[in-house]
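Working notes, beginning with the structure itself.
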Amino acid sequence: MNTIAQNLERTLERIKNAALKAGRDPSGIKLVAVSKGIDVDRIKMALEAGVKCLGENRVQEFIDKYEVIGEDVEWHFIGHLQRNKVKYIIGKMALIHSLDRLSLAEELNKRAGRKSIKVDVLVQVNVSGEETKHGVSLEKAIPFVTTVAEKYPNINIKGLMTIAPIADDPEKVRPYFRKLRLLSQSIEERKIPGVKMEWLSMGMTDDFEVAVEEGANMVRIGRAIFGPRG
Ligand SMILES: *Cc1c(COP(=O)(O)O)cnc(C)c1O
């Protein structure tokens with residue numbers, strides 16, 4: 001077994017243990033292997049080892065890899081998305097994790113309409129309020145979701161995504177994950193047409209176990225699978 005296959009096995013084991021610790025069914029948790037900065041050969045090793053979903057954060061890098069790897073995997077866009085790049089990825093992504101502003105929603109809606117498709121997105125929430133992070137604030141999240149659902153019929157809001165602050169101890173970020181879960185529940189209770197809180201995308205290499213304990217059902221993991229990025 002190669003290192004990537006071993007890392008993957010170990011990561012899936014850790015996800016499973018975190019789920020069981022929280023009394024959850026491990027099979028309900030989806031792993032997005034974050035392949036940004038990783039070359040196609042190594043990505044292929046991960047695919048051979050059983051990875052089904054890949055996460056990329058740069059449009060050009062995604063396009064280059066998509067040309068080689070194609071549609072047999074589920075592609076997830078996890079990075080900040082500029083409006084003028086939407087046209088290159090629309091219809092190719094299973095899920096865009098980073099809807100964070102109305103101008104982007106408008107462009108996604110327009111490009112999806114031209115292709116007669118719906119685009120599935122998560123709303124990125126800046127739970128910690130750090131200035132360096134993208135995302136809608138906790139306070140504005142419900143009005144934002146409501147407006148997008150009302151104004152943009154080609155967008156399906158499928159859940160929420162957050163990136164926790166960097167911390168030396170993952171326990172320190174537990175409250176941020178908890179807040180995102182509570183927000184997701186409160187949105188679900190409003191039964192907004194076109195909005196389904198199916199996915200809670202939170203947890204990366206340094207904090208995914210805590211995220212799973214707090215209710216994540218989609219984790220975005222890079223380094224634990226591929227090793228450090230160059
Ligand atoms: C890079 C990245 C990840 C994965 O980070 P690792 O620490 O390598 O697991 C997850 N989510 C987003 C949005 C990222 O940019």
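Note on naming: chains are A, B, ... as they come in the structure tokens, residues start from 1 per chain, ligands start from 1 in the order shown.
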
>> Around ligand 1, out to 9 Å and counting only C-alpha atoms and all ligand atoms, which residues are there? I want them as a PyMOL selection string.
In response: chain A and resi 32-37+55-57+77-80+97-98+161-163+201-208+219-229

> Using only C-alpha atoms, which residues sit within 12 Å of Gly50 in chain A once same-chain residues fewer than 6 positions away are excluded, as a list in words?
Replying inline: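 Selected residues are Ile4, Ala5, Gln6, Asn7, Leu8, Glu9, Leu12, Leu31, Val32, Ala33, Ile43, Lys44, Val73 and Ile225 of chain A.
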
Output all heavy atoms for every residue in the selection just made, as a compact mmCIF listing (two decimals), in the first residue's frame.
```txt
# COMPACT_ATOMS: atom_id res chain seq x y z
N ILE A 4 -0.24 7.40 0.41
CA ILE A 4 -1.54 8.08 0.31
C ILE A 4 -2.67 7.13 0.69
O ILE A 4 -3.58 7.50 1.44
CB ILE A 4 -1.71 8.68 -1.11
CG1 ILE A 4 -0.76 9.88 -1.26
CG2 ILE A 4 -3.16 9.10 -1.36
CD1 ILE A 4 -0.73 10.52 -2.62
N ALA A 5 -2.59 5.90 0.23
CA ALA A 5 -3.62 4.92 0.59
C ALA A 5 -3.63 4.67 2.10
O ALA A 5 -4.69 4.57 2.72
CB ALA A 5 -3.39 3.61 -0.18
N GLN A 6 -2.43 4.62 2.68
CA GLN A 6 -2.34 4.43 4.14
C GLN A 6 -2.92 5.63 4.89
O GLN A 6 -3.66 5.49 5.85
CB GLN A 6 -0.88 4.24 4.57
CG GLN A 6 -0.38 2.84 4.35
CD GLN A 6 1.14 2.73 4.58
OE1 GLN A 6 1.82 3.72 4.85
NE2 GLN A 6 1.64 1.52 4.45
N ASN A 7 -2.55 6.83 4.43
CA ASN A 7 -3.07 8.05 5.06
C ASN A 7 -4.59 8.09 4.96
O ASN A 7 -5.28 8.50 5.91
CB ASN A 7 -2.52 9.29 4.37
CG ASN A 7 -1.05 9.52 4.65
OD1 ASN A 7 -0.47 8.90 5.54
ND2 ASN A 7 -0.43 10.41 3.90
N LEU A 8 -5.10 7.69 3.81
CA LEU A 8 -6.55 7.72 3.60
C LEU A 8 -7.23 6.75 4.58
O LEU A 8 -8.22 7.10 5.23
CB LEU A 8 -6.89 7.34 2.15
CG LEU A 8 -8.38 7.27 1.85
CD1 LEU A 8 -9.03 8.65 1.95
CD2 LEU A 8 -8.62 6.69 0.44
N GLU A 9 -6.67 5.57 4.67
CA GLU A 9 -7.25 4.57 5.57
C GLU A 9 -7.29 5.08 7.01
O GLU A 9 -8.29 4.98 7.71
CB GLU A 9 -6.43 3.28 5.47
CG GLU A 9 -7.06 2.09 6.16
CD GLU A 9 -6.28 0.81 5.87
OE1 GLU A 9 -6.55 0.17 4.84
OE2 GLU A 9 -5.38 0.47 6.66
N LEU A 12 -9.92 7.89 7.40
CA LEU A 12 -11.30 7.35 7.46
C LEU A 12 -11.56 6.70 8.81
O LEU A 12 -12.66 6.81 9.37
CB LEU A 12 -11.52 6.35 6.32
CG LEU A 12 -11.57 6.96 4.92
CD1 LEU A 12 -11.56 5.88 3.84
CD2 LEU A 12 -12.80 7.87 4.76
N LEU A 31 -16.30 12.59 2.89
CA LEU A 31 -14.93 13.11 2.87
C LEU A 31 -14.65 13.78 1.53
O LEU A 31 -14.76 13.16 0.48
CB LEU A 31 -13.94 11.95 3.08
CG LEU A 31 -12.46 12.30 2.82
CD1 LEU A 31 -11.95 13.33 3.83
CD2 LEU A 31 -11.60 11.04 2.87
N VAL A 32 -14.29 15.06 1.60
CA VAL A 32 -13.79 15.76 0.42
C VAL A 32 -12.27 15.83 0.57
O VAL A 32 -11.76 16.46 1.51
CB VAL A 32 -14.39 17.18 0.32
CG1 VAL A 32 -13.79 17.93 -0.87
CG2 VAL A 32 -15.91 17.12 0.21
N ALA A 33 -11.56 15.13 -0.30
CA ALA A 33 -10.09 15.14 -0.25
C ALA A 33 -9.62 16.42 -0.94
O ALA A 33 -9.88 16.62 -2.13
CB ALA A 33 -9.53 13.91 -0.95
N ILE A 43 -2.92 12.63 -7.02
CA ILE A 43 -4.39 12.60 -6.93
C ILE A 43 -4.91 11.24 -7.41
O ILE A 43 -5.80 10.65 -6.80
CB ILE A 43 -5.02 13.74 -7.75
CG1 ILE A 43 -4.61 15.10 -7.15
CG2 ILE A 43 -6.53 13.62 -7.79
CD1 ILE A 43 -5.07 16.30 -7.97
N LYS A 44 -4.32 10.75 -8.48
CA LYS A 44 -4.76 9.45 -9.01
C LYS A 44 -4.55 8.32 -8.00
O LYS A 44 -5.34 7.39 -7.92
CB LYS A 44 -4.04 9.13 -10.32
CG LYS A 44 -4.65 9.91 -11.49
CD LYS A 44 -4.00 9.54 -12.81
CE LYS A 44 -4.72 10.23 -13.98
NZ LYS A 44 -3.90 10.21 -15.20
N VAL A 73 -15.05 11.92 -10.95
CA VAL A 73 -15.04 12.24 -9.52
C VAL A 73 -16.01 13.39 -9.28
O VAL A 73 -16.37 14.12 -10.19
CB VAL A 73 -13.65 12.68 -9.02
CG1 VAL A 73 -12.71 11.52 -8.99
CG2 VAL A 73 -13.09 13.80 -9.87
N ILE A 225 -4.19 13.47 4.18
CA ILE A 225 -4.24 12.46 3.12
C ILE A 225 -3.00 12.55 2.21
O ILE A 225 -2.34 11.54 1.93
CB ILE A 225 -5.51 12.62 2.26
CG1 ILE A 225 -6.76 12.39 3.13
CG2 ILE A 225 -5.50 11.66 1.07
CD1 ILE A 225 -8.07 12.77 2.49
```

>> At a cut-off of 8 Å, using only C-alpha atoms, what residues contact Val68 in chain A? Leave out same-chain residues fewer than 3 positions from it and give the result as a list in words.
In response: Val40, Asp64 and Lys65 of chain A

Just want the 7 Å neighbourhood of Val119 in chain A, counted on only C-alpha atoms, with same-chain residues fewer than 5 positions away dropped. Output as a compact mmCIF listing (two decimals) with C-alpha atoms, in the first residue's frame.
```txt
# COMPACT_ATOMS: atom_id res chain seq x y z
CA ALA A 112 -26.79 28.42 -14.32
CA ASN A 154 -31.28 28.66 -10.15
CA ILE A 155 -29.38 28.36 -6.88
CA ASN A 156 -30.03 25.52 -4.43
```

> So how many Å separate CA of Thr11 in chain A and CA of Asp100 in chain A, to one decimal?
Replying inline: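 Spanning CA of Thr11 in chain A to CA of Asp100 in chain A is a straight-line distance of 29.1 Å.
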
>> Which residues are close to Val123 in chain A, i.e. within 12 Å by only C-alpha atoms, leaving aside same-chain residues fewer than 4 positions away? Reply as a ChimeraX atom specification.
In response: /A:78,80,95-102,104-105,127,134-138,140-146,148-149,155-163,180,183-184,187,195-202

> Where does DSSP see alpha helix (DSSP H) in range 75-165 of chain A, if you list the residues as number ranges by chain?
Replying inline: A: 86-89, 102-114, 138-151

Quick one: write out the picked residues with N, CA, C and O atoms as a compact mmCIF listing (two decimals), in the first residue's frame?
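Result file is again09.txt:
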```
# COMPACT_ATOMS: atom_id res chain seq x y z
N VAL A 86 -16.75 32.38 -12.63
CA VAL A 86 -17.88 31.46 -12.49
C VAL A 86 -18.13 30.68 -13.78
O VAL A 86 -18.39 29.48 -13.76
N LYS A 87 -18.00 31.37 -14.91
CA LYS A 87 -18.30 30.72 -16.19
C LYS A 87 -17.42 29.50 -16.48
O LYS A 87 -17.82 28.62 -17.21
N TYR A 88 -16.25 29.45 -15.90
CA TYR A 88 -15.34 28.32 -16.15
C TYR A 88 -15.69 27.08 -15.33
O TYR A 88 -15.24 25.99 -15.65
N ILE A 89 -16.43 27.26 -14.26
CA ILE A 89 -16.67 26.09 -13.39
C ILE A 89 -18.14 25.68 -13.34
O ILE A 89 -18.45 24.60 -12.86
N LEU A 102 -23.90 38.59 -2.36
CA LEU A 102 -25.01 38.60 -3.31
C LEU A 102 -24.53 38.74 -4.74
O LEU A 102 -25.12 38.17 -5.66
N SER A 103 -23.44 39.51 -4.97
CA SER A 103 -22.97 39.68 -6.34
C SER A 103 -22.54 38.33 -6.94
O SER A 103 -22.74 38.08 -8.13
N LEU A 104 -22.00 37.47 -6.12
CA LEU A 104 -21.62 36.13 -6.59
C LEU A 104 -22.87 35.29 -6.85
O LEU A 104 -22.95 34.56 -7.84
N ALA A 105 -23.85 35.41 -5.97
CA ALA A 105 -25.12 34.68 -6.16
C ALA A 105 -25.76 35.09 -7.49
O ALA A 105 -26.25 34.25 -8.25
N GLU A 106 -25.71 36.38 -7.78
CA GLU A 106 -26.31 36.87 -9.02
C GLU A 106 -25.63 36.25 -10.24
O GLU A 106 -26.30 35.80 -11.18
N GLU A 107 -24.31 36.20 -10.21
CA GLU A 107 -23.57 35.62 -11.33
C GLU A 107 -23.82 34.10 -11.45
O GLU A 107 -23.99 33.59 -12.55
N LEU A 108 -23.82 33.40 -10.33
CA LEU A 108 -24.08 31.96 -10.36
C LEU A 108 -25.47 31.69 -10.93
O LEU A 108 -25.67 30.79 -11.76
N ASN A 109 -26.44 32.49 -10.49
CA ASN A 109 -27.82 32.33 -10.97
C ASN A 109 -27.91 32.54 -12.48
O ASN A 109 -28.55 31.78 -13.20
N LYS A 110 -27.22 33.58 -12.94
CA LYS A 110 -27.25 33.92 -14.36
C LYS A 110 -26.60 32.81 -15.21
O LYS A 110 -27.18 32.34 -16.19
N ARG A 111 -25.43 32.37 -14.79
CA ARG A 111 -24.70 31.35 -15.58
C ARG A 111 -25.43 30.00 -15.54
O ARG A 111 -25.43 29.26 -16.52
N ALA A 112 -26.02 29.67 -14.40
CA ALA A 112 -26.79 28.42 -14.32
C ALA A 112 -28.01 28.51 -15.23
O ALA A 112 -28.32 27.57 -15.97
N GLY A 113 -28.67 29.67 -15.23
CA GLY A 113 -29.83 29.88 -16.09
C GLY A 113 -29.50 29.67 -17.56
O GLY A 113 -30.23 29.03 -18.30
N ARG A 114 -28.35 30.20 -17.99
CA ARG A 114 -27.95 30.06 -19.40
C ARG A 114 -27.74 28.62 -19.80
O ARG A 114 -27.86 28.26 -20.96
N LEU A 138 -22.26 35.67 11.18
CA LEU A 138 -23.34 34.90 11.83
C LEU A 138 -24.64 35.69 11.84
O LEU A 138 -25.72 35.15 11.58
N GLU A 139 -24.54 36.97 12.13
CA GLU A 139 -25.73 37.82 12.25
C GLU A 139 -26.46 37.97 10.91
O GLU A 139 -27.68 38.05 10.87
N LYS A 140 -25.67 38.02 9.83
CA LYS A 140 -26.30 38.28 8.52
C LYS A 140 -26.68 37.01 7.78
O LYS A 140 -27.25 37.07 6.69
N ALA A 141 -26.34 35.86 8.36
CA ALA A 141 -26.51 34.61 7.59
C ALA A 141 -27.97 34.33 7.23
O ALA A 141 -28.27 33.98 6.09
N ILE A 142 -28.88 34.50 8.17
CA ILE A 142 -30.28 34.16 7.88
C ILE A 142 -30.88 35.11 6.84
O ILE A 142 -31.45 34.65 5.85
N PRO A 143 -30.73 36.44 7.00
CA PRO A 143 -31.21 37.31 5.92
C PRO A 143 -30.55 37.03 4.57
O PRO A 143 -31.21 37.09 3.53
N PHE A 144 -29.28 36.68 4.59
CA PHE A 144 -28.58 36.37 3.34
C PHE A 144 -29.20 35.15 2.66
O PHE A 144 -29.53 35.19 1.46
N VAL A 145 -29.37 34.09 3.42
CA VAL A 145 -29.96 32.85 2.87
C VAL A 145 -31.36 33.14 2.33
O VAL A 145 -31.74 32.70 1.24
N THR A 146 -32.13 33.91 3.08
CA THR A 146 -33.51 34.23 2.67
C THR A 146 -33.51 35.01 1.36
O THR A 146 -34.28 34.69 0.44
N THR A 147 -32.63 35.99 1.24
CA THR A 147 -32.58 36.80 0.02
C THR A 147 -32.15 35.96 -1.19
O THR A 147 -32.77 36.04 -2.25
N VAL A 148 -31.12 35.15 -1.01
CA VAL A 148 -30.66 34.32 -2.14
C VAL A 148 -31.78 33.39 -2.59
O VAL A 148 -32.05 33.24 -3.78
N ALA A 149 -32.46 32.79 -1.62
CA ALA A 149 -33.55 31.85 -1.96
C ALA A 149 -34.67 32.57 -2.71
O ALA A 149 -35.25 32.02 -3.65
N GLU A 150 -34.96 33.79 -2.32
CA GLU A 150 -36.05 34.55 -2.96
C GLU A 150 -35.69 35.03 -4.35
O GLU A 150 -36.48 34.96 -5.28
N LYS A 151 -34.46 35.53 -4.50
CA LYS A 151 -34.09 36.23 -5.73
C LYS A 151 -33.47 35.36 -6.81
O LYS A 151 -33.45 35.75 -7.97
```

> Which polymer residues have any atom within 8 Å of an atom of Gly215 in chain A, counting only C-alpha atoms, with same-chain residues fewer than 2 positions away left out, as a ChimeraX atom specification?
Replying inline: /A:177-178,181,200,211-213,217

> Using only C-alpha atoms, which residues sit within 10 Å of Pro165 in chain A once same-chain residues fewer than 5 positions away are excluded, as an MDAnalysis selection string?
Replying inline: chainID A and resid 126:130 133 170 172:173 176 207

Residues from the last selection, N, CA, C and O atoms, saved as a PDB file, in the first residue's frame:
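File written: out36.pdb
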```pdb
ATOM      1  N   ASN A 126     -18.514  33.177   8.212  1.00  0.00           N
ATOM      2  CA  ASN A 126     -17.316  33.551   8.972  1.00  0.00           C
ATOM      3  C   ASN A 126     -17.698  33.586  10.445  1.00  0.00           C
ATOM      4  O   ASN A 126     -17.994  34.634  11.005  1.00  0.00           O
ATOM      5  N   VAL A 127     -17.702  32.408  11.062  1.00  0.00           N
ATOM      6  CA  VAL A 127     -18.214  32.294  12.436  1.00  0.00           C
ATOM      7  C   VAL A 127     -17.325  33.047  13.423  1.00  0.00           C
ATOM      8  O   VAL A 127     -17.805  33.695  14.350  1.00  0.00           O
ATOM      9  N   SER A 128     -16.010  32.988  13.198  1.00  0.00           N
ATOM     10  CA  SER A 128     -15.087  33.603  14.152  1.00  0.00           C
ATOM     11  C   SER A 128     -15.017  35.116  14.000  1.00  0.00           C
ATOM     12  O   SER A 128     -14.530  35.818  14.884  1.00  0.00           O
ATOM     13  N   GLY A 129     -15.472  35.623  12.851  1.00  0.00           N
ATOM     14  CA  GLY A 129     -15.427  37.066  12.609  1.00  0.00           C
ATOM     15  C   GLY A 129     -14.036  37.600  12.316  1.00  0.00           C
ATOM     16  O   GLY A 129     -13.825  38.812  12.294  1.00  0.00           O
ATOM     17  N   GLU A 130     -13.072  36.710  12.054  1.00  0.00           N
ATOM     18  CA  GLU A 130     -11.720  37.175  11.714  1.00  0.00           C
ATOM     19  C   GLU A 130     -11.759  37.966  10.410  1.00  0.00           C
ATOM     20  O   GLU A 130     -12.367  37.514   9.435  1.00  0.00           O
ATOM     21  N   LYS A 133     -10.858  36.371   6.981  1.00  0.00           N
ATOM     22  CA  LYS A 133     -11.660  35.272   6.419  1.00  0.00           C
ATOM     23  C   LYS A 133     -12.849  35.786   5.622  1.00  0.00           C
ATOM     24  O   LYS A 133     -13.476  36.770   5.982  1.00  0.00           O
ATOM     25  N   PRO A 170      -7.261  21.791  19.001  1.00  0.00           N
ATOM     26  CA  PRO A 170      -8.551  21.781  18.298  1.00  0.00           C
ATOM     27  C   PRO A 170      -9.751  22.035  19.210  1.00  0.00           C
ATOM     28  O   PRO A 170     -10.793  22.486  18.739  1.00  0.00           O
ATOM     29  N   LYS A 172     -10.117  24.371  21.088  1.00  0.00           N
ATOM     30  CA  LYS A 172     -10.401  25.807  21.093  1.00  0.00           C
ATOM     31  C   LYS A 172     -11.374  26.210  19.992  1.00  0.00           C
ATOM     32  O   LYS A 172     -11.987  27.274  20.068  1.00  0.00           O
ATOM     33  N   VAL A 173     -11.492  25.400  18.950  1.00  0.00           N
ATOM     34  CA  VAL A 173     -12.384  25.798  17.855  1.00  0.00           C
ATOM     35  C   VAL A 173     -13.754  25.112  17.934  1.00  0.00           C
ATOM     36  O   VAL A 173     -14.632  25.396  17.116  1.00  0.00           O
ATOM     37  N   TYR A 176     -16.898  27.305  17.589  1.00  0.00           N
ATOM     38  CA  TYR A 176     -17.240  27.810  16.260  1.00  0.00           C
ATOM     39  C   TYR A 176     -18.041  26.771  15.480  1.00  0.00           C
ATOM     40  O   TYR A 176     -18.992  27.098  14.773  1.00  0.00           O
ATOM     41  N   ASP A 207      -8.485  19.809  12.677  1.00  0.00           N
ATOM     42  CA  ASP A 207      -9.635  19.914  13.585  1.00  0.00           C
ATOM     43  C   ASP A 207     -10.847  19.063  13.190  1.00  0.00           C
ATOM     44  O   ASP A 207     -11.939  19.261  13.713  1.00  0.00           O
TER      45      ASP A 207
END
```

>> Write out as a ChimeraX atom specification the set of residues from range 101-218 of chain A that DSSP, computed on the backbone, places in strand (DSSP E or B).
In response: /A:119-126,136-137,155-161,195-201,218
